[in-house]
Amino acid sequence: MSSTIAEILTKVQNSTTNQQTYMQTLKELCEEVGYNQFSIDFLRCLVILFSTDYKTKNVYFERCYDFCIHFVLHMVHIEVQSENLCFIDILLENLLQYLQVKSESIKVHACTFINEILSQHQVPIAENVRENVLHAVLGCLNDSRYAVRLKAIHILQHFQNPQDPTDVVTTVFIQHLCDKEPKIRAEIVGCVYITNESIPILICRCRDIDENVRLSVFKRLANISVKILTIEQRHSALKNGLNDRSQNVKNSVSHKLLPAWLNLYDNDYLTMLKALQLDATDEDIKNTISISEMVLNSLFSSQPIREILEVMHLEDKLMPMEQLTWEVALYWNSLVRHIRSKNLDEYLDKIIPETILFCKYIEKFCSSSPLLVGSVWEQTHHYLILHQLVCLLVDCDISDQASRLYLNQLVVTVLKESQLTEDTIKVIVKYFVKMIPNTNARMDYMCEIISDIRNPLTSQFSQLAINEDSLKEKKLKDELGNLTQQLNKAVQDKDFTTAEKLKHRIESVKNEIAILTRKTNVEENVCKKDDPETITKYLKVIELMLQSSNVNKMNTSVRALKDALFKEMTLIKDVNLRAKYLKCFALLCCIEENSARENIQFFCLPLILYKSKNYCDQSIVLTAVAAVTDFILLYGVNVLVHAESVVSLDSSADFEEMFSNAVTLTDLIEILSSMMDDKDQALREISSEAIVKLLVSNRIQSAMLLSRLILKWFNPNTANDVRLSQILGTFLESLNINSHFIRQLEDAFVPTLQAICLAPVTSPLADVSKINVLKFLVQITDSQSNGNNIHNKIALVLCNEILKDIDAKINTVYVKALLMLNIAEDDDDSTYIEELLNLCEDIRIDSRDKYVLANIIRFINYLKE
């Protein structure tokens, strides 16, 4: 019978004719010998077909394979009609044995054949057979060859049960989303059922190293309802997708994912923005704004301008106050920026009112602040709306003097009287930088505003009303000047009737000006505000002012601010506020060297407290480390020398005695080094970053510190600290580039190896691969391309270390390192090779370790070559 089947298959592979006849012949043969015997003989011929290399396209294979599939499905169709279901079950049971063979091609083709059968939904299969197929295919999913695993995934798709939370197939798919083969991960992303367990793993795959996997993730997310994702998951997907390094991924998110999600919200932009809103913490708010702006920019780029304009239902170019929500304000601001970026100025007039009208609109909004009576949620949304309105305001047209004056007054008033977010204050400070380019003039102007924030003048009139009266007074004075000119002309022309009328009008205008002047010049009192909110805003304005451009000189106003700030700081009791004061004071001291030199020991006091185990708030220590580091970076290590005085944060006599000696550079490095091993993550990060900055800027040179940083990088515990890993990784990448690290790398080579090789069992370094560390050290010290052959010197050091203790176990690592070094003949000093050969010969004679002896002989031969 096998020969008959083989003969038919041979004919089929050579021609596509008469296939119905061949199928009928096989059917009759099956009925004649029985299902069991026929399936065995049929598969015996089929396995020969399956042995064809699956990687190579073969037309004869394809003809024969397609015929076999059609025959099997034809038999199933006949069985369904006759209600005699045996053939497919017997065939699958016998086919499973070929999933256990070693041949990759047979397993791949067998899996494909099974998948073709299961893909036909009308094929009825016995439950016990399904279980056997599932068990066998799950075994294929652990095959070392990815092609087999890929075919197994195709089969397992048919066994997923979304109703079962413990479904074994879904669980296995989730586990294999971390498969080392990108094609496997991409395939699972496309077929795994969406469950509460699979969604977080899918979101993590948004950052997969392979572009195709990331594309598969966003394609899948576009085909599911956004409403089943949490807001955090929406944020993660959009942030990763819109910031992806691949343009293909960005395009997929912009042109497929976002339109699909927008469609689920009935193309309502504002509802979609609301679905992205997360405002539990300040960080959540920043992420929400950033992601929402990216989403809007992406959608605006692909939508007609008229369509996105229709979303704004403005009245007289202003949004009715009762409809002004955070989503509306954000959309409004993003739309204006989009129109400006595309140079579509003709549409701006439709959504931006005149400057003075817009100023009055914002005044009205500020007067409705829920600060006193509103909930925390209402206050937060008020601040967010105000931020968007201020962003719109500062870019308004100020070509005419009246608009410019009104706008300036409003911006100052908002800064003084309103509770603002940090981002809003940044926008206002940038506005002042643009409006007052002269740094000294800007510092004087802003110092006056800063003083008014802390020590406001109180009167019976609001500042907004005073601003409006000032504008009216200016207009009346302009009118008075014009009337006076007209009066003089009328007198010259002897038009006394007109002159009389103008005289009466001039008297009327003068009376109005006098009334406004008396109203403005009411008695005002200075009232110092000490509430935490005011002080926080006061300090934030100072901080952002000092961080603005070209602040590199201390004028009279800034010096007075520095002195006042120091006095306030020494009296403040709130630890959080004291840390903010300290940061502002540090920024002021950074402006000139004398201030840094005079006050650096003051900033060292928290570090001494940390060293002596006395309590000092973490935020103050962090600020002190950053300040001292910046002083040294700006003005050199000599800024620590000849400090005139040391001022304590506490007036206690014990502190004065404790800090009577100035902190030296050695003391500072010792403190930072110990802080690198602190249990607090923030302290570890700030100290490591400080040392990195000092080394990179060449302010300090230390092989010991360099070795510490390399060991910190390899420490398994550092892997959990993402920011510290980034700091160290970036630093270590620069070692081979900066020439001033050459001597330090040379001196750090052996101590680093010793620390790894001699680490006690209880140390995390004991689990670090010595070979990996050795390869890394060899790579970063290989600087022949820069003309620096430090491997020659390292080889001498290693040989001398071996000779110090010829029987030491670490010598096996040393000789391994010798063989990895890139030794070069130095034209300036040819004695290196000769000296190395002499040392190696001494090692060969004295060493009794076979491994050391064999490798040192190899190294000698390498040197002689």
# chains A, B, ... in the order shown; residues from 1 in each chain; ligands from 1
>>> residues_around(residues="Leu318 (chain A)", least_positions_apart="4", cutoff="9 Å", atoms="only C-alpha atoms", output="ChimeraX atom specification")
/A:313-314,351-353,358,361
>>> write_last_selection(atoms="all heavy atoms", output="tab-separated table (two decimals), in the first residue's frame")
chain	number	residue	atom	x	y	z
A	313	HIS	N	-15.02	75.88	20.42
A	313	HIS	CA	-16.28	76.63	20.30
A	313	HIS	C	-16.11	77.97	21.03
A	313	HIS	O	-16.52	78.14	22.18
A	313	HIS	CB	-17.42	75.82	20.90
A	313	HIS	CG	-17.59	74.47	20.26
A	313	HIS	ND1	-17.96	74.32	18.94
A	313	HIS	CD2	-17.41	73.21	20.75
A	313	HIS	CE1	-18.02	73.03	18.63
A	313	HIS	NE2	-17.69	72.33	19.71
A	314	LEU	N	-15.46	78.91	20.34
A	314	LEU	CA	-15.13	80.20	20.96
A	314	LEU	C	-16.24	81.21	20.73
A	314	LEU	O	-16.98	81.15	19.74
A	314	LEU	CB	-13.82	80.73	20.37
A	314	LEU	CG	-12.59	79.83	20.51
A	314	LEU	CD1	-11.39	80.46	19.82
A	314	LEU	CD2	-12.25	79.56	21.97
A	351	ILE	N	-8.63	82.38	16.65
A	351	ILE	CA	-8.61	81.74	17.97
A	351	ILE	C	-7.86	82.54	19.03
A	351	ILE	O	-7.82	82.14	20.18
A	351	ILE	CB	-8.01	80.32	17.89
A	351	ILE	CG1	-6.60	80.35	17.29
A	351	ILE	CG2	-8.91	79.40	17.10
A	351	ILE	CD1	-5.91	79.02	17.31
A	352	ILE	N	-7.25	83.67	18.64
A	352	ILE	CA	-6.53	84.51	19.60
A	352	ILE	C	-7.13	85.91	19.55
A	352	ILE	O	-7.14	86.56	18.50
A	352	ILE	CB	-5.03	84.57	19.29
A	352	ILE	CG1	-4.37	83.23	19.57
A	352	ILE	CG2	-4.34	85.65	20.11
A	352	ILE	CD1	-4.32	82.86	21.03
A	353	PRO	N	-7.64	86.43	20.69
A	353	PRO	CA	-8.21	87.77	20.70
A	353	PRO	C	-7.13	88.84	20.79
A	353	PRO	O	-5.93	88.52	20.86
A	353	PRO	CB	-9.06	87.75	21.97
A	353	PRO	CG	-8.32	86.82	22.88
A	353	PRO	CD	-7.72	85.76	21.99
A	358	PHE	N	-7.57	89.71	25.97
A	358	PHE	CA	-7.13	88.44	26.55
A	358	PHE	C	-6.60	88.64	27.97
A	358	PHE	O	-6.82	87.79	28.84
A	358	PHE	CB	-6.08	87.81	25.65
A	358	PHE	CG	-5.83	86.35	25.94
A	358	PHE	CD1	-6.87	85.48	26.15
A	358	PHE	CD2	-4.53	85.85	26.00
A	358	PHE	CE1	-6.65	84.14	26.42
A	358	PHE	CE2	-4.30	84.52	26.26
A	358	PHE	CZ	-5.36	83.66	26.47
A	361	TYR	N	-9.48	88.81	30.20
A	361	TYR	CA	-10.05	87.47	30.34
A	361	TYR	C	-9.29	86.69	31.42
A	361	TYR	O	-9.90	86.03	32.27
A	361	TYR	CB	-9.95	86.77	28.99
A	361	TYR	CG	-10.45	85.34	28.96
A	361	TYR	CD1	-11.80	85.06	28.85
A	361	TYR	CD2	-9.56	84.27	29.00
A	361	TYR	CE1	-12.27	83.75	28.80
A	361	TYR	CE2	-10.00	82.97	28.95
A	361	TYR	CZ	-11.36	82.70	28.85
A	361	TYR	OH	-11.80	81.40	28.79
>>> select_by_dssp(residues="region 592-750 of chain A", states="alpha helix (DSSP H)", output="ChimeraX atom specification")
/A:593-611,618-635,653-658,665-675,681-696,703-714,722-733,742-750
>>> residues_around(residues="Leu49 (chain A)", least_positions_apart="6", cutoff="12 Å", atoms="only C-alpha atoms", output="list in words")
Ala6, Leu9, Thr10, Gln13, Phe42, Leu43, Asn58, Tyr60, Phe61, Glu62, Arg63, Cys64, Tyr65, Asp66, Phe67, Cys68, Ser105, Ile106, Lys107, Val108, His109, Ala110 and Phe113 of chain A
>>> residues_around(residues="Leu821 (chain A)", least_positions_apart="6", cutoff="8 Å", atoms="only C-alpha atoms", output="ChimeraX atom specification")
/A:778,782,791,795
>>> atom_distance(atom1="CA of Ser225 (chain A)", atom2="CA of Leu264 (chain A)")
7.3 Å
>>> residues_around(residues="Leu803 (chain A)", least_positions_apart="5", cutoff="9 Å", atoms="only C-alpha atoms", output="number ranges by chain")
A: 798, 839, 842-843, 846-847
>>> closest_atom_pairs(of="region 493-589 of chain A", to="region 616-640 of chain A", cutoff="12 Å", atoms="only C-alpha atoms", output="JSON lines")
{"residue": "A:Asn552", "atom": "CA", "partner": "A:Leu634", "partner_atom": "CA", "distance": 11.6}
{"residue": "A:Asp574", "atom": "CA", "partner": "A:Asp617", "partner_atom": "CA", "distance": 10.8}
{"residue": "A:Val575", "atom": "CA", "partner": "A:Asp617", "partner_atom": "CA", "distance": 7.1}
{"residue": "A:Asn576", "atom": "CA", "partner": "A:Ser619", "partner_atom": "CA", "distance": 7.4}
{"residue": "A:Leu577", "atom": "CA", "partner": "A:Ile620", "partner_atom": "CA", "distance": 9.8}
{"residue": "A:Arg578", "atom": "CA", "partner": "A:Ile620", "partner_atom": "CA", "distance": 7.5}
{"residue": "A:Ala579", "atom": "CA", "partner": "A:Ile620", "partner_atom": "CA", "distance": 4.9}
{"residue": "A:Lys580", "atom": "CA", "partner": "A:Ile620", "partner_atom": "CA", "distance": 8.4}
{"residue": "A:Tyr581", "atom": "CA", "partner": "A:Ile620", "partner_atom": "CA", "distance": 9.7}
{"residue": "A:Leu582", "atom": "CA", "partner": "A:Thr623", "partner_atom": "CA", "distance": 7.0}
{"residue": "A:Lys583", "atom": "CA", "partner": "A:Thr623", "partner_atom": "CA", "distance": 6.1}
{"residue": "A:Cys584", "atom": "CA", "partner": "A:Thr623", "partner_atom": "CA", "distance": 9.9}
{"residue": "A:Phe585", "atom": "CA", "partner": "A:Ala627", "partner_atom": "CA", "distance": 9.3}
{"residue": "A:Ala586", "atom": "CA", "partner": "A:Ala627", "partner_atom": "CA", "distance": 5.7}
{"residue": "A:Leu587", "atom": "CA", "partner": "A:Ala627", "partner_atom": "CA", "distance": 7.9}
{"residue": "A:Leu588", "atom": "CA", "partner": "A:Ala627", "partner_atom": "CA", "distance": 10.5}
{"residue": "A:Cys589", "atom": "CA", "partner": "A:Phe631", "partner_atom": "CA", "distance": 8.3}
>>> atom_distance(atom1="CA of Ile428 (chain A)", atom2="CA of Val390 (chain A)")
7.8 Å
>>> residues_around(residues="Ile362 (chain A)", least_positions_apart="6", cutoff="10 Å", atoms="only C-alpha atoms", output="PDB file with N, CA, C and O atoms, in the first residue's frame")
ATOM      1  N   MET A 321     -16.148  81.094  30.105  1.00  0.00           N
ATOM      2  CA  MET A 321     -15.487  80.713  31.339  1.00  0.00           C
ATOM      3  C   MET A 321     -16.032  79.403  31.906  1.00  0.00           C
ATOM      4  O   MET A 321     -15.280  78.598  32.465  1.00  0.00           O
ATOM      5  N   ILE A 356      -5.176  93.057  24.921  1.00  0.00           N
ATOM      6  CA  ILE A 356      -5.799  93.651  26.118  1.00  0.00           C
ATOM      7  C   ILE A 356      -7.052  92.870  26.513  1.00  0.00           C
ATOM      8  O   ILE A 356      -7.297  92.616  27.702  1.00  0.00           O
ATOM      9  N   SER A 368     -11.483  84.358  39.919  1.00  0.00           N
ATOM     10  CA  SER A 368     -12.385  83.257  40.282  1.00  0.00           C
ATOM     11  C   SER A 368     -11.632  82.079  40.882  1.00  0.00           C
ATOM     12  O   SER A 368     -12.118  80.953  40.865  1.00  0.00           O
ATOM     13  N   LEU A 386      -4.411  77.866  34.364  1.00  0.00           N
ATOM     14  CA  LEU A 386      -3.677  79.132  34.371  1.00  0.00           C
ATOM     15  C   LEU A 386      -2.344  78.996  33.641  1.00  0.00           C
ATOM     16  O   LEU A 386      -1.921  79.910  32.920  1.00  0.00           O
ATOM     17  N   LEU A 389      -3.021  79.228  29.966  1.00  0.00           N
ATOM     18  CA  LEU A 389      -3.396  80.597  29.594  1.00  0.00           C
ATOM     19  C   LEU A 389      -2.176  81.520  29.582  1.00  0.00           C
ATOM     20  O   LEU A 389      -2.042  82.374  28.704  1.00  0.00           O
ATOM     21  N   VAL A 390      -1.285  81.342  30.554  1.00  0.00           N
ATOM     22  CA  VAL A 390      -0.071  82.168  30.602  1.00  0.00           C
ATOM     23  C   VAL A 390       0.817  81.862  29.387  1.00  0.00           C
ATOM     24  O   VAL A 390       1.410  82.774  28.800  1.00  0.00           O
ATOM     25  N   LEU A 393      -0.617  83.715  26.686  1.00  0.00           N
ATOM     26  CA  LEU A 393      -0.523  85.155  26.899  1.00  0.00           C
ATOM     27  C   LEU A 393       0.832  85.718  26.497  1.00  0.00           C
ATOM     28  O   LEU A 393       0.921  86.750  25.818  1.00  0.00           O
ATOM     29  N   LEU A 410       0.069  92.705  33.870  1.00  0.00           N
ATOM     30  CA  LEU A 410      -0.661  91.484  34.217  1.00  0.00           C
ATOM     31  C   LEU A 410       0.292  90.351  34.584  1.00  0.00           C
ATOM     32  O   LEU A 410       0.070  89.634  35.563  1.00  0.00           O
ATOM     33  N   VAL A 414       0.207  88.488  38.113  1.00  0.00           N
ATOM     34  CA  VAL A 414       0.001  87.038  38.225  1.00  0.00           C
ATOM     35  C   VAL A 414       1.144  86.405  39.002  1.00  0.00           C
ATOM     36  O   VAL A 414       0.934  85.550  39.873  1.00  0.00           O
TER      37      VAL A 414
END
>>> residues_around(residues="Cys140 (chain A)", least_positions_apart="3", cutoff="7 Å", atoms="only C-alpha atoms", output="PDB file with all heavy atoms, in the first residue's frame")
ATOM      1  N   ALA A 136       2.102  17.694  23.269  1.00  0.00           N
ATOM      2  CA  ALA A 136       3.250  17.506  22.376  1.00  0.00           C
ATOM      3  C   ALA A 136       3.779  18.829  21.855  1.00  0.00           C
ATOM      4  O   ALA A 136       5.003  19.043  21.776  1.00  0.00           O
ATOM      5  CB  ALA A 136       2.848  16.599  21.214  1.00  0.00           C
ATOM      6  N   VAL A 137       2.863  19.742  21.509  1.00  0.00           N
ATOM      7  CA  VAL A 137       3.302  21.021  20.930  1.00  0.00           C
ATOM      8  C   VAL A 137       3.924  21.913  21.996  1.00  0.00           C
ATOM      9  O   VAL A 137       4.853  22.677  21.713  1.00  0.00           O
ATOM     10  CB  VAL A 137       2.109  21.725  20.243  1.00  0.00           C
ATOM     11  CG1 VAL A 137       2.527  23.092  19.715  1.00  0.00           C
ATOM     12  CG2 VAL A 137       1.581  20.875  19.104  1.00  0.00           C
ATOM     13  N   ASP A 143      11.977  23.892  22.186  1.00  0.00           N
ATOM     14  CA  ASP A 143      13.036  23.476  21.262  1.00  0.00           C
ATOM     15  C   ASP A 143      14.071  24.583  21.127  1.00  0.00           C
ATOM     16  O   ASP A 143      13.744  25.777  21.170  1.00  0.00           O
ATOM     17  CB  ASP A 143      12.421  23.162  19.892  1.00  0.00           C
ATOM     18  CG  ASP A 143      13.380  22.368  19.006  1.00  0.00           C
ATOM     19  OD1 ASP A 143      14.308  22.995  18.466  1.00  0.00           O
ATOM     20  OD2 ASP A 143      13.188  21.155  18.874  1.00  0.00           O
ATOM     21  N   VAL A 148      11.207  25.973  14.937  1.00  0.00           N
ATOM     22  CA  VAL A 148      10.283  25.003  15.531  1.00  0.00           C
ATOM     23  C   VAL A 148       9.382  25.704  16.543  1.00  0.00           C
ATOM     24  O   VAL A 148       8.168  25.476  16.586  1.00  0.00           O
ATOM     25  CB  VAL A 148      11.064  23.851  16.193  1.00  0.00           C
ATOM     26  CG1 VAL A 148      10.104  22.873  16.874  1.00  0.00           C
ATOM     27  CG2 VAL A 148      11.921  23.122  15.160  1.00  0.00           C
ATOM     28  N   ARG A 149       9.987  26.556  17.373  1.00  0.00           N
ATOM     29  CA  ARG A 149       9.192  27.288  18.369  1.00  0.00           C
ATOM     30  C   ARG A 149       8.148  28.166  17.688  1.00  0.00           C
ATOM     31  O   ARG A 149       7.012  28.301  18.155  1.00  0.00           O
ATOM     32  CB  ARG A 149      10.108  28.146  19.252  1.00  0.00           C
ATOM     33  CG  ARG A 149      11.146  27.356  20.018  1.00  0.00           C
ATOM     34  CD  ARG A 149      11.708  28.125  21.211  1.00  0.00           C
ATOM     35  NE  ARG A 149      12.290  29.407  20.872  1.00  0.00           N
ATOM     36  CZ  ARG A 149      13.539  29.591  20.452  1.00  0.00           C
ATOM     37  NH1 ARG A 149      14.323  28.524  20.282  1.00  0.00           N
ATOM     38  NH2 ARG A 149      14.018  30.794  20.181  1.00  0.00           N
ATOM     39  N   ALA A 152       5.313  26.072  16.539  1.00  0.00           N
ATOM     40  CA  ALA A 152       4.542  25.615  17.702  1.00  0.00           C
ATOM     41  C   ALA A 152       3.586  26.712  18.185  1.00  0.00           C
ATOM     42  O   ALA A 152       2.454  26.430  18.593  1.00  0.00           O
ATOM     43  CB  ALA A 152       5.491  25.208  18.822  1.00  0.00           C
TER      44      ALA A 152
END
>>> closest_residue(among="A:Ile515, A:Ile449, A:Ala748, A:Val491", to="Leu476 (chain A)", atoms="only C-alpha atoms")
A:Ile515
>>> closest_residue(among="A:Leu728, A:Leu384, A:Phe714, A:Lys611", to="Ser688 (chain A)", atoms="only C-alpha atoms")
A:Leu728
